[in-house]
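First the structure, in the form of structure tokens, and then the observations on it.
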Amino acid sequence: MEVVEKEVWQEVNCLSCANCCKKMSPTYTNEDIKRISAHLQMTPKQFKEKWLYREPKENDWMNRSQPCQFLDLKTNMCTIYEVRPADCAEFPHFHKRPATDYFYIHKQNIEYCPASMLMIEKLKAIMKG
């Protein structure tokens with residue numbers, strides 16, 4: 001996985017895509033909400049009221065709208081990169097172990113993320129030998 005991941009990041013530039021920010025929403029932990037709201041000089045309550053909603057099925061905090069309110073559409077860069085949600089920092093979650101426990105995440109991500117798709121293609125090629 002580590003070797004394939006390095007190959008993937010040599011071929012994919014996230015700033016040329018930003019589909020994760022345009023078409024998906026991270027889940028926000030309480031720690032994320034505290035950190036980001038402090039950065040924006042808001043209370044966590046104000047932050048949630050302005051930007052988030054509670055997803056009923058999993059009870060997660062998610063973005064109200066897409067693309068993400070913190071994505072600069074001209075540059076595809078995150079305007080709160082240094083305090084972004086952990087879910088964003090870990091995306092596309094290649095480092096989660098054991099990897100076999102997270103195939104469902106990669107399956108979901110390949111719809112939007114070229115890096116995820118390339119990772120799966122490279123792993124399939126290796127398995128075919």
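Here, A, B, ... name the chains of the structure tokens in the order displayed, residue numbers run from 1 inside each chain, and ligands are numbered from 1 in the same displayed order.
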
Item to check | Residue neighbourhood Gln10 of chain A, 12 Å, only C-alpha atoms, exclusion window fewer than 4 positions, as a ChimeraX atom specification | outcome: /A:3-6,14,115,118-119

Checklist entry - Excluding same-chain residues fewer than 3 positions from Tyr28 of chain A, what lies within 8 Å of it counting only C-alpha atoms, as a PyMOL selection string? => result chain A and resi 31-33+60-62+85-87

Pull all heavy atoms from the residues just selected and write them as a PDB file, in the first residue's frame.
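Output (result_39.pdb):
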```pdb
ATOM      1  N   GLU A  31     -14.046  18.447  18.285  1.00  0.00           N
ATOM      2  CA  GLU A  31     -12.736  19.103  18.302  1.00  0.00           C
ATOM      3  C   GLU A  31     -12.554  19.978  17.070  1.00  0.00           C
ATOM      4  O   GLU A  31     -12.025  21.087  17.153  1.00  0.00           O
ATOM      5  CB  GLU A  31     -11.606  18.066  18.395  1.00  0.00           C
ATOM      6  CG  GLU A  31     -11.550  17.307  19.698  1.00  0.00           C
ATOM      7  CD  GLU A  31     -12.596  16.197  19.822  1.00  0.00           C
ATOM      8  OE1 GLU A  31     -13.077  15.673  18.784  1.00  0.00           O
ATOM      9  OE2 GLU A  31     -12.961  15.866  20.953  1.00  0.00           O
ATOM     10  N   ASP A  32     -12.982  19.468  15.904  1.00  0.00           N
ATOM     11  CA  ASP A  32     -12.924  20.254  14.670  1.00  0.00           C
ATOM     12  C   ASP A  32     -13.727  21.543  14.825  1.00  0.00           C
ATOM     13  O   ASP A  32     -13.259  22.627  14.475  1.00  0.00           O
ATOM     14  CB  ASP A  32     -13.507  19.480  13.478  1.00  0.00           C
ATOM     15  CG  ASP A  32     -12.709  18.267  13.057  1.00  0.00           C
ATOM     16  OD1 ASP A  32     -11.480  18.235  13.265  1.00  0.00           O
ATOM     17  OD2 ASP A  32     -13.336  17.343  12.502  1.00  0.00           O
ATOM     18  N   ILE A  33     -14.924  21.407  15.330  1.00  0.00           N
ATOM     19  CA  ILE A  33     -15.823  22.558  15.472  1.00  0.00           C
ATOM     20  C   ILE A  33     -15.224  23.603  16.413  1.00  0.00           C
ATOM     21  O   ILE A  33     -15.229  24.799  16.097  1.00  0.00           O
ATOM     22  CB  ILE A  33     -17.220  22.097  15.940  1.00  0.00           C
ATOM     23  CG1 ILE A  33     -17.894  21.281  14.819  1.00  0.00           C
ATOM     24  CG2 ILE A  33     -18.085  23.279  16.354  1.00  0.00           C
ATOM     25  CD1 ILE A  33     -19.129  20.520  15.243  1.00  0.00           C
ATOM     26  N   ASP A  60     -23.988  12.840  12.461  1.00  0.00           N
ATOM     27  CA  ASP A  60     -22.740  13.567  12.234  1.00  0.00           C
ATOM     28  C   ASP A  60     -23.023  15.018  11.863  1.00  0.00           C
ATOM     29  O   ASP A  60     -24.038  15.319  11.241  1.00  0.00           O
ATOM     30  CB  ASP A  60     -21.953  12.939  11.071  1.00  0.00           C
ATOM     31  CG  ASP A  60     -21.385  11.581  11.409  1.00  0.00           C
ATOM     32  OD1 ASP A  60     -21.011  11.363  12.576  1.00  0.00           O
ATOM     33  OD2 ASP A  60     -21.299  10.744  10.493  1.00  0.00           O
ATOM     34  N   TRP A  61     -22.085  15.895  12.198  1.00  0.00           N
ATOM     35  CA  TRP A  61     -22.131  17.278  11.732  1.00  0.00           C
ATOM     36  C   TRP A  61     -21.534  17.329  10.333  1.00  0.00           C
ATOM     37  O   TRP A  61     -20.430  16.844  10.114  1.00  0.00           O
ATOM     38  CB  TRP A  61     -21.363  18.207  12.678  1.00  0.00           C
ATOM     39  CG  TRP A  61     -22.062  18.438  13.965  1.00  0.00           C
ATOM     40  CD1 TRP A  61     -21.744  17.907  15.187  1.00  0.00           C
ATOM     41  CD2 TRP A  61     -23.209  19.256  14.174  1.00  0.00           C
ATOM     42  NE1 TRP A  61     -22.633  18.346  16.130  1.00  0.00           N
ATOM     43  CE2 TRP A  61     -23.549  19.175  15.539  1.00  0.00           C
ATOM     44  CE3 TRP A  61     -24.012  20.045  13.337  1.00  0.00           C
ATOM     45  CZ2 TRP A  61     -24.626  19.855  16.091  1.00  0.00           C
ATOM     46  CZ3 TRP A  61     -25.088  20.724  13.887  1.00  0.00           C
ATOM     47  CH2 TRP A  61     -25.391  20.629  15.249  1.00  0.00           C
ATOM     48  N   MET A  62     -22.278  17.930   9.389  1.00  0.00           N
ATOM     49  CA  MET A  62     -21.878  17.980   7.990  1.00  0.00           C
ATOM     50  C   MET A  62     -22.091  19.396   7.446  1.00  0.00           C
ATOM     51  O   MET A  62     -22.858  20.170   8.013  1.00  0.00           O
ATOM     52  CB  MET A  62     -22.731  17.026   7.143  1.00  0.00           C
ATOM     53  CG  MET A  62     -22.885  15.621   7.691  1.00  0.00           C
ATOM     54  SD  MET A  62     -21.512  14.569   7.316  1.00  0.00           S
ATOM     55  CE  MET A  62     -21.782  14.273   5.602  1.00  0.00           C
ATOM     56  N   PRO A  85     -11.000  20.254   9.058  1.00  0.00           N
ATOM     57  CA  PRO A  85     -11.454  19.071   9.793  1.00  0.00           C
ATOM     58  C   PRO A  85     -10.496  17.888   9.612  1.00  0.00           C
ATOM     59  O   PRO A  85      -9.866  17.737   8.550  1.00  0.00           O
ATOM     60  CB  PRO A  85     -12.812  18.753   9.149  1.00  0.00           C
ATOM     61  CG  PRO A  85     -13.273  20.035   8.558  1.00  0.00           C
ATOM     62  CD  PRO A  85     -12.015  20.751   8.122  1.00  0.00           C
ATOM     63  N   ALA A  86     -10.416  17.061  10.617  1.00  0.00           N
ATOM     64  CA  ALA A  86      -9.563  15.873  10.546  1.00  0.00           C
ATOM     65  C   ALA A  86      -9.951  14.994   9.364  1.00  0.00           C
ATOM     66  O   ALA A  86      -9.084  14.406   8.704  1.00  0.00           O
ATOM     67  CB  ALA A  86      -9.651  15.088  11.850  1.00  0.00           C
ATOM     68  N   ASP A  87     -11.239  14.911   9.067  1.00  0.00           N
ATOM     69  CA  ASP A  87     -11.716  14.119   7.945  1.00  0.00           C
ATOM     70  C   ASP A  87     -11.098  14.606   6.633  1.00  0.00           C
ATOM     71  O   ASP A  87     -10.734  13.809   5.769  1.00  0.00           O
ATOM     72  CB  ASP A  87     -13.250  14.209   7.884  1.00  0.00           C
ATOM     73  CG  ASP A  87     -13.905  13.017   7.222  1.00  0.00           C
ATOM     74  OD1 ASP A  87     -13.259  11.958   7.088  1.00  0.00           O
ATOM     75  OD2 ASP A  87     -15.087  13.147   6.848  1.00  0.00           O
TER      76      ASP A  87
END
```

Item to check | Two-atom distance - atom CA of Glu11 of chain A, atom CA of Phe91 of chain A (Å) | outcome: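 Calculated distance between atom CA of Glu11 of chain A and atom CA of Phe91 of chain A is 16.5 Å.
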
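Remark: for Phe94 of chain A, the closest of the candidate residues A:Asn19, A:Gly129, A:Phe47, A:Val8 is A:Val8 (distances computed over only C-alpha atoms).
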
Item to check | DSSP-assigned alpha helix (DSSP H) members of segment 9-117 of chain A, reported as a PyMOL selection string | outcome: chain A and resi 9-11+19-23+30-39+44-51+86-90+103-109+114-117

Checklist entry - Do you have the atom CA of Asn59 of chain A-atom CA of Pro92 of chain A distance handy? => result 21.5 Å

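Interatomic distance, atom CA of Ile110 of chain A against atom CA of His93 of chain A: 11.8 Å.
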
Item to check | A:Ser37, A:Gln108, A:Arg54, A:Cys21 ranked by distance to Gln69 of chain A, top pick (using only C-alpha atoms) | outcome: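 Selected residue with least distance to Gln69 of chain A: A:Cys21.
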
Checklist entry - Pick from A:Met77, A:Met127, A:Met1, A:Ala89: nearest to Ser16 of chain A, with only C-alpha atoms counted? => result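 The closest residue to Ser16 of chain A is A:Met77.
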
Checklist entry - So which residues of chain A fall under strand (DSSP E) by DSSP, listed as an MDAnalysis selection string? => result chainID A and resid 52:54 61:63 71:72 77:78

Output N, CA, C and O atoms for every residue in the selection just made, as an mmCIF file, in the first residue's frame.
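Produced file part28.cif, reproduced below:
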```
data_model
loop_
_atom_site.group_PDB
_atom_site.id
_atom_site.type_symbol
_atom_site.label_atom_id
_atom_site.label_comp_id
_atom_site.auth_asym_id
_atom_site.auth_seq_id
_atom_site.Cartn_x
_atom_site.Cartn_y
_atom_site.Cartn_z
ATOM 1 N N LEU A 52 -23.283 24.289 9.375
ATOM 2 C CA LEU A 52 -23.444 22.841 9.492
ATOM 3 C C LEU A 52 -24.892 22.410 9.719
ATOM 4 O O LEU A 52 -25.741 23.210 10.079
ATOM 5 N N TYR A 53 -25.116 21.131 9.515
ATOM 6 C CA TYR A 53 -26.382 20.511 9.903
ATOM 7 C C TYR A 53 -26.055 19.143 10.497
ATOM 8 O O TYR A 53 -24.984 18.586 10.273
ATOM 9 N N ARG A 54 -26.986 18.621 11.267
ATOM 10 C CA ARG A 54 -26.807 17.317 11.897
ATOM 11 C C ARG A 54 -27.426 16.264 10.978
ATOM 12 O O ARG A 54 -28.623 16.278 10.750
ATOM 13 N N TRP A 61 -22.085 15.895 12.198
ATOM 14 C CA TRP A 61 -22.131 17.278 11.732
ATOM 15 C C TRP A 61 -21.534 17.329 10.333
ATOM 16 O O TRP A 61 -20.430 16.844 10.114
ATOM 17 N N MET A 62 -22.278 17.930 9.389
ATOM 18 C CA MET A 62 -21.878 17.980 7.990
ATOM 19 C C MET A 62 -22.091 19.396 7.446
ATOM 20 O O MET A 62 -22.858 20.170 8.013
ATOM 21 N N ASN A 63 -21.449 19.691 6.306
ATOM 22 C CA ASN A 63 -21.661 20.980 5.638
ATOM 23 C C ASN A 63 -23.108 21.091 5.154
ATOM 24 O O ASN A 63 -23.652 20.134 4.619
ATOM 25 N N LEU A 71 -13.898 26.297 0.451
ATOM 26 C CA LEU A 71 -13.138 26.075 -0.772
ATOM 27 C C LEU A 71 -13.108 27.351 -1.602
ATOM 28 O O LEU A 71 -14.149 27.923 -1.912
ATOM 29 N N ASP A 72 -11.912 27.783 -1.956
ATOM 30 C CA ASP A 72 -11.751 28.900 -2.881
ATOM 31 C C ASP A 72 -11.858 28.306 -4.282
ATOM 32 O O ASP A 72 -10.960 27.583 -4.740
ATOM 33 N N MET A 77 -8.176 25.790 -3.417
ATOM 34 C CA MET A 77 -7.476 25.686 -2.134
ATOM 35 C C MET A 77 -8.446 25.911 -0.976
ATOM 36 O O MET A 77 -9.412 26.661 -1.106
ATOM 37 N N CYS A 78 -8.146 25.290 0.132
ATOM 38 C CA CYS A 78 -8.949 25.425 1.344
ATOM 39 C C CYS A 78 -8.547 26.708 2.071
ATOM 40 O O CYS A 78 -7.370 26.931 2.337
#
```

Next on the checklist: Taking 6 positions as the minimum chain separation for residues in the same chain, which residues sit within 10 Å of His39 of chain A when counting only C-alpha atoms? Answer as a ChimeraX atom specification.
Outcome noted: /A:33,80,82-83

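Considering only C-alpha atoms, the residue among A:Ile105, A:Met42, A:Ile126, A:Cys88 positioned nearest to Pro26 of chain A is A:Cys88.
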
Write out as a PDB file with N, CA and C atoms, in the first residue's frame each polymer residue whose atoms come within 10 Å of Ser65 of chain A, counting only C-alpha atoms; drop sequence neighbours fewer than 5 positions from it.
```
ATOM      1  N   LYS A  22     -15.850  19.795  -3.503  1.00  0.00           N
ATOM      2  CA  LYS A  22     -16.962  20.252  -4.332  1.00  0.00           C
ATOM      3  C   LYS A  22     -18.190  19.365  -4.225  1.00  0.00           C
ATOM      4  N   LYS A  23     -17.987  18.060  -3.997  1.00  0.00           N
ATOM      5  CA  LYS A  23     -19.095  17.116  -4.082  1.00  0.00           C
ATOM      6  C   LYS A  23     -19.342  16.298  -2.819  1.00  0.00           C
ATOM      7  N   MET A  24     -18.441  16.395  -1.856  1.00  0.00           N
ATOM      8  CA  MET A  24     -18.571  15.618  -0.628  1.00  0.00           C
ATOM      9  C   MET A  24     -18.540  16.570   0.566  1.00  0.00           C
ATOM     10  N   SER A  25     -18.899  16.054   1.722  1.00  0.00           N
ATOM     11  CA  SER A  25     -18.792  16.837   2.956  1.00  0.00           C
ATOM     12  C   SER A  25     -18.024  16.028   3.983  1.00  0.00           C
ATOM     13  N   TRP A  51     -22.972  27.133   9.310  1.00  0.00           N
ATOM     14  CA  TRP A  51     -22.385  26.294   8.273  1.00  0.00           C
ATOM     15  C   TRP A  51     -22.799  24.821   8.269  1.00  0.00           C
ATOM     16  N   LEU A  52     -23.283  24.289   9.375  1.00  0.00           N
ATOM     17  CA  LEU A  52     -23.444  22.841   9.492  1.00  0.00           C
ATOM     18  C   LEU A  52     -24.892  22.410   9.719  1.00  0.00           C
ATOM     19  N   TYR A  53     -25.116  21.131   9.515  1.00  0.00           N
ATOM     20  CA  TYR A  53     -26.382  20.511   9.903  1.00  0.00           C
ATOM     21  C   TYR A  53     -26.055  19.143  10.497  1.00  0.00           C
TER      22      TYR A  53
END
```
